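Asker: Please find one structure pasted underneath; my questions will follow.
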Amino acid sequence: MTVIERLQTTLGGLGLTAVEARLENLLEGASKAAPSYAEFLLDVIGAEADARRARYLKTRLQLAHLPYVKTFAQFDLSFQPSIDERQIRELQTLRFVHEASNVILLGPPGVGKTHLAVALAEAAIQAGQAAYFMTAHDLVSDLGNAYREGRLDRRMRVYLAPKVLVIDEMGYLPLDDLGATIFFQLVSARYERGSIILTSNKSYGDWGSIFGDPIIATAILDRLLHHSTTINIRGESYRLKDRRRAGLLNRPEDQQPAATALAAASADPRRGKERK
């Protein structure tokens with residue numbers, strides 16, 4: 001057995017799989033660059049550390065159940081001028097995670113709320129924090145089933161464990177009494193202990209209709225908003241942007257004259273007589 005083969009066997013036995021896979025390249029690079037012993041050792045250890053970090057991040061991203069991976073670099077802020085860039089830069093520091101405060105993203109469908117929520121979760125994972133993503137409907141359904149099966153406390157721990165919990169699409173479907181109560185319990189349990197990133201198409205004034213009870217809605221908002229940042233996005237849908245650019249959809253301002261003309265024609269009694 002050659003020295004290289006013995007090295008590879010030893011590295012494999014120690015679980016240093018990245019160094020084992022790159023051993024010949026590392027040795028070849030060292031023969032050309034002639035680094036000091038310390039520099040070569042640093043290169044070897046760095047190769048293993050980088051590989052382990054990559055595996056760690058991949059696992060964390062899988063465990064987070066993100067619907068996709070989106071970053072801040074992929075978000076077109078120029079398309080949504082209502083967003084304060086200073087707020088986004090502040091959120092990117094992840095100070096809100098360390099302070100266990102919340103981020104609420106409000107706005108109509110398609111404006112980028114989920115993209116920003118996922119980007120924040122991805123940034124937290126890159127920084128070594130655990131994150132978990134669920135839609136509001138799936139979360140409440142899951143906890144409701146756990147309650148009916150007598151295992152709510154154990155299941156609730158799944159949503160209390162991560163430092164960042166993303167709750168998407170709050171308000172698309174109303175909650176029943178049990179769902180509202182369970183959601184209140186979750187928010188209360190995470191209060192000042194872990195961050196919630198929540199997206200909703202409903203303004204705060206409409207949350208009473210989500211929970212079917214303005215009193216419990218107020219109690220939930222009281223805990224969510226005590227330490228929080230709200231970003232209210234007012235703009236066009238990203239999903240319609242490309243179709244509009246391709247000429248498949250008219251711009252809202254282009255549709256207005258046509259709508260006005262149609263309304264005027266409908267109101268003109270002479271046109272009604274002509275049709276008769």
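We name chains A, B, ... following the order of the structure tokens; residues begin at 1 in each chain, and ligands are numbered from 1 as shown.
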I need the residues of range 208-246 of chain A that end up classed as strand (DSSP E) by DSSP on the backbone, written out as a PyMOL selection string.
Answerer: chain A and resi 228-232
Asker: The selected residues should be written to file as a compact mmCIF listing (two decimals), in the first residue's frame (atoms: N, CA and C atoms).
Answerer:
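Full text of out35.txt as output:
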```txt
# COMPACT_ATOMS: atom_id res chain seq x y z
N SER A 228 -41.59 44.42 16.76
CA SER A 228 -41.78 43.99 15.37
C SER A 228 -41.42 45.09 14.38
N THR A 229 -41.28 44.67 13.13
CA THR A 229 -41.14 45.56 11.99
C THR A 229 -42.22 45.20 10.99
N THR A 230 -42.99 46.19 10.56
CA THR A 230 -44.03 45.96 9.56
C THR A 230 -43.60 46.57 8.23
N ILE A 231 -43.68 45.77 7.18
CA ILE A 231 -43.41 46.26 5.82
C ILE A 231 -44.69 46.09 5.01
N ASN A 232 -45.26 47.21 4.62
CA ASN A 232 -46.51 47.20 3.85
C ASN A 232 -46.17 47.47 2.39
```
Asker: Leaving out range 198-214 of chain A and any residue of its chain fewer than 2 positions from it, which residues lie within 7 Å of it when counting only C-alpha atoms, given as a list in words?
Answerer: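 Returned residues: Val103, Ile104, Leu105, Leu106, Gly107, Pro108, Pro109, Lys113, Thr114, Val166, Ile167, Asp168, Glu169, Met170, Gly171, Pro174, Leu175, Asp176, Ala180, Ile196, Ile216, Ala217 and Thr218 of chain A.
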Asker: May I have the residues from that selection written out with C-alpha atoms, as an mmCIF file, in the first residue's frame?
Answerer:
```cif
data_model
loop_
_atom_site.group_PDB
_atom_site.id
_atom_site.type_symbol
_atom_site.label_atom_id
_atom_site.label_comp_id
_atom_site.auth_asym_id
_atom_site.auth_seq_id
_atom_site.Cartn_x
_atom_site.Cartn_y
_atom_site.Cartn_z
ATOM 1 C CA VAL A 103 -41.337 40.825 10.891
ATOM 2 C CA ILE A 104 -44.782 41.315 9.340
ATOM 3 C CA LEU A 105 -45.052 41.595 5.557
ATOM 4 C CA LEU A 106 -48.386 42.936 4.311
ATOM 5 C CA GLY A 107 -49.672 43.459 0.789
ATOM 6 C CA PRO A 108 -51.760 42.029 -2.044
ATOM 7 C CA PRO A 109 -50.853 38.737 -3.746
ATOM 8 C CA LYS A 113 -43.949 39.038 0.520
ATOM 9 C CA THR A 114 -43.046 35.347 0.463
ATOM 10 C CA VAL A 166 -42.069 31.753 8.876
ATOM 11 C CA ILE A 167 -45.883 31.742 8.691
ATOM 12 C CA ASP A 168 -47.017 32.394 5.133
ATOM 13 C CA GLU A 169 -50.407 33.419 3.721
ATOM 14 C CA MET A 170 -52.113 34.440 6.945
ATOM 15 C CA GLY A 171 -55.629 35.556 6.077
ATOM 16 C CA PRO A 174 -60.411 32.213 7.944
ATOM 17 C CA LEU A 175 -59.678 30.135 11.037
ATOM 18 C CA ASP A 176 -62.268 28.322 13.118
ATOM 19 C CA ALA A 180 -57.690 30.784 16.364
ATOM 20 C CA ILE A 196 -41.962 35.096 13.653
ATOM 21 C CA ILE A 216 -58.533 37.259 20.125
ATOM 22 C CA ALA A 217 -57.285 39.112 17.024
ATOM 23 C CA THR A 218 -56.340 42.055 19.237
#
```
Asker: Using DSSP secondary structure from the backbone, list all helix (DSSP H, G or I) positions within range 11-255 of chain A, as an MDAnalysis selection string.
Answerer: chainID A and resid 11:13 17:33 37:63 72:74 77:79 85:92 95:98 113:126 136:148 152:160 177:190 204:211 214:226 238:245 252:255
Asker: One decimal, in Å: what's the spacing between CA of Phe184 in chain A and CA of Tyr159 in chain A?
Answerer: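 Pair CA of Phe184 in chain A / CA of Tyr159 in chain A returns 13.0 Å.
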Asker: Show me, as a PDB file with N, CA and C atoms, in the first residue's frame, the residues that have an atom within 8 Å of Ala121 in chain A when counting only C-alpha atoms, minus same-chain residues fewer than 6 positions from it.
Answerer:
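Wrote it out as selection_23.pdb, contents follow:
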```pdb
ATOM      1  N   ALA A 131     -34.404  27.691  11.078  1.00  0.00           N
ATOM      2  CA  ALA A 131     -35.626  28.331  10.587  1.00  0.00           C
ATOM      3  C   ALA A 131     -36.592  27.259  10.111  1.00  0.00           C
ATOM      4  N   TYR A 132     -37.873  27.609  10.100  1.00  0.00           N
ATOM      5  CA  TYR A 132     -38.901  26.656   9.664  1.00  0.00           C
ATOM      6  C   TYR A 132     -40.006  27.425   8.964  1.00  0.00           C
ATOM      7  N   VAL A 164     -36.278  31.068  14.024  1.00  0.00           N
ATOM      8  CA  VAL A 164     -37.113  31.837  13.092  1.00  0.00           C
ATOM      9  C   VAL A 164     -38.224  30.930  12.571  1.00  0.00           C
ATOM     10  N   VAL A 166     -41.393  31.019   9.949  1.00  0.00           N
ATOM     11  CA  VAL A 166     -42.069  31.753   8.876  1.00  0.00           C
ATOM     12  C   VAL A 166     -43.489  31.212   8.743  1.00  0.00           C
TER      13      VAL A 166
END
```
Asker: In Å, with one decimal, what is the gap from CA of Glu149 in chain A to CA of Tyr172 in chain A?
Answerer: 26.1 Å
Asker: Excluding Gly235 in chain A and any residue of its chain fewer than 3 positions from it, enumerate the residues within 8 Å of it, using only C-alpha atoms, and give them as a short mmCIF file (atom, residue, chain, number, x, y, z; two decimals) with N, CA and C atoms, in the first residue's frame.
Answerer:
```
data_model
loop_
_atom_site.label_atom_id
_atom_site.label_comp_id
_atom_site.auth_asym_id
_atom_site.auth_seq_id
_atom_site.Cartn_x
_atom_site.Cartn_y
_atom_site.Cartn_z
N PHE A 79 -38.86 47.59 -8.54
CA PHE A 79 -40.22 47.28 -8.98
C PHE A 79 -41.24 47.57 -7.88
N GLN A 80 -40.78 47.63 -6.64
CA GLN A 80 -41.67 47.91 -5.51
C GLN A 80 -41.15 49.14 -4.76
N PRO A 81 -41.36 50.33 -5.30
CA PRO A 81 -40.81 51.55 -4.67
C PRO A 81 -41.41 51.87 -3.31
N SER A 82 -42.53 51.21 -2.96
CA SER A 82 -43.13 51.47 -1.65
C SER A 82 -42.29 50.89 -0.51
N VAL A 111 -46.74 40.48 -4.65
CA VAL A 111 -45.85 41.65 -4.57
C VAL A 111 -44.48 41.31 -3.99
#
```
Asker: Which residues of range 30-97 of chain A sit at most 8 Å from range 1-18 of chain A, using only C-alpha atoms? Give each one's shortest atom pair and distance in Å (one decimal place), in chain and ascending residue order, as JSON lines.
Answerer:
```
{"residue": "A:Ala47", "atom": "CA", "partner": "A:Ala18", "partner_atom": "CA", "distance": 6.5}
{"residue": "A:Glu48", "atom": "CA", "partner": "A:Ala18", "partner_atom": "CA", "distance": 5.2}
{"residue": "A:Ala51", "atom": "CA", "partner": "A:Ala18", "partner_atom": "CA", "distance": 6.2}
```
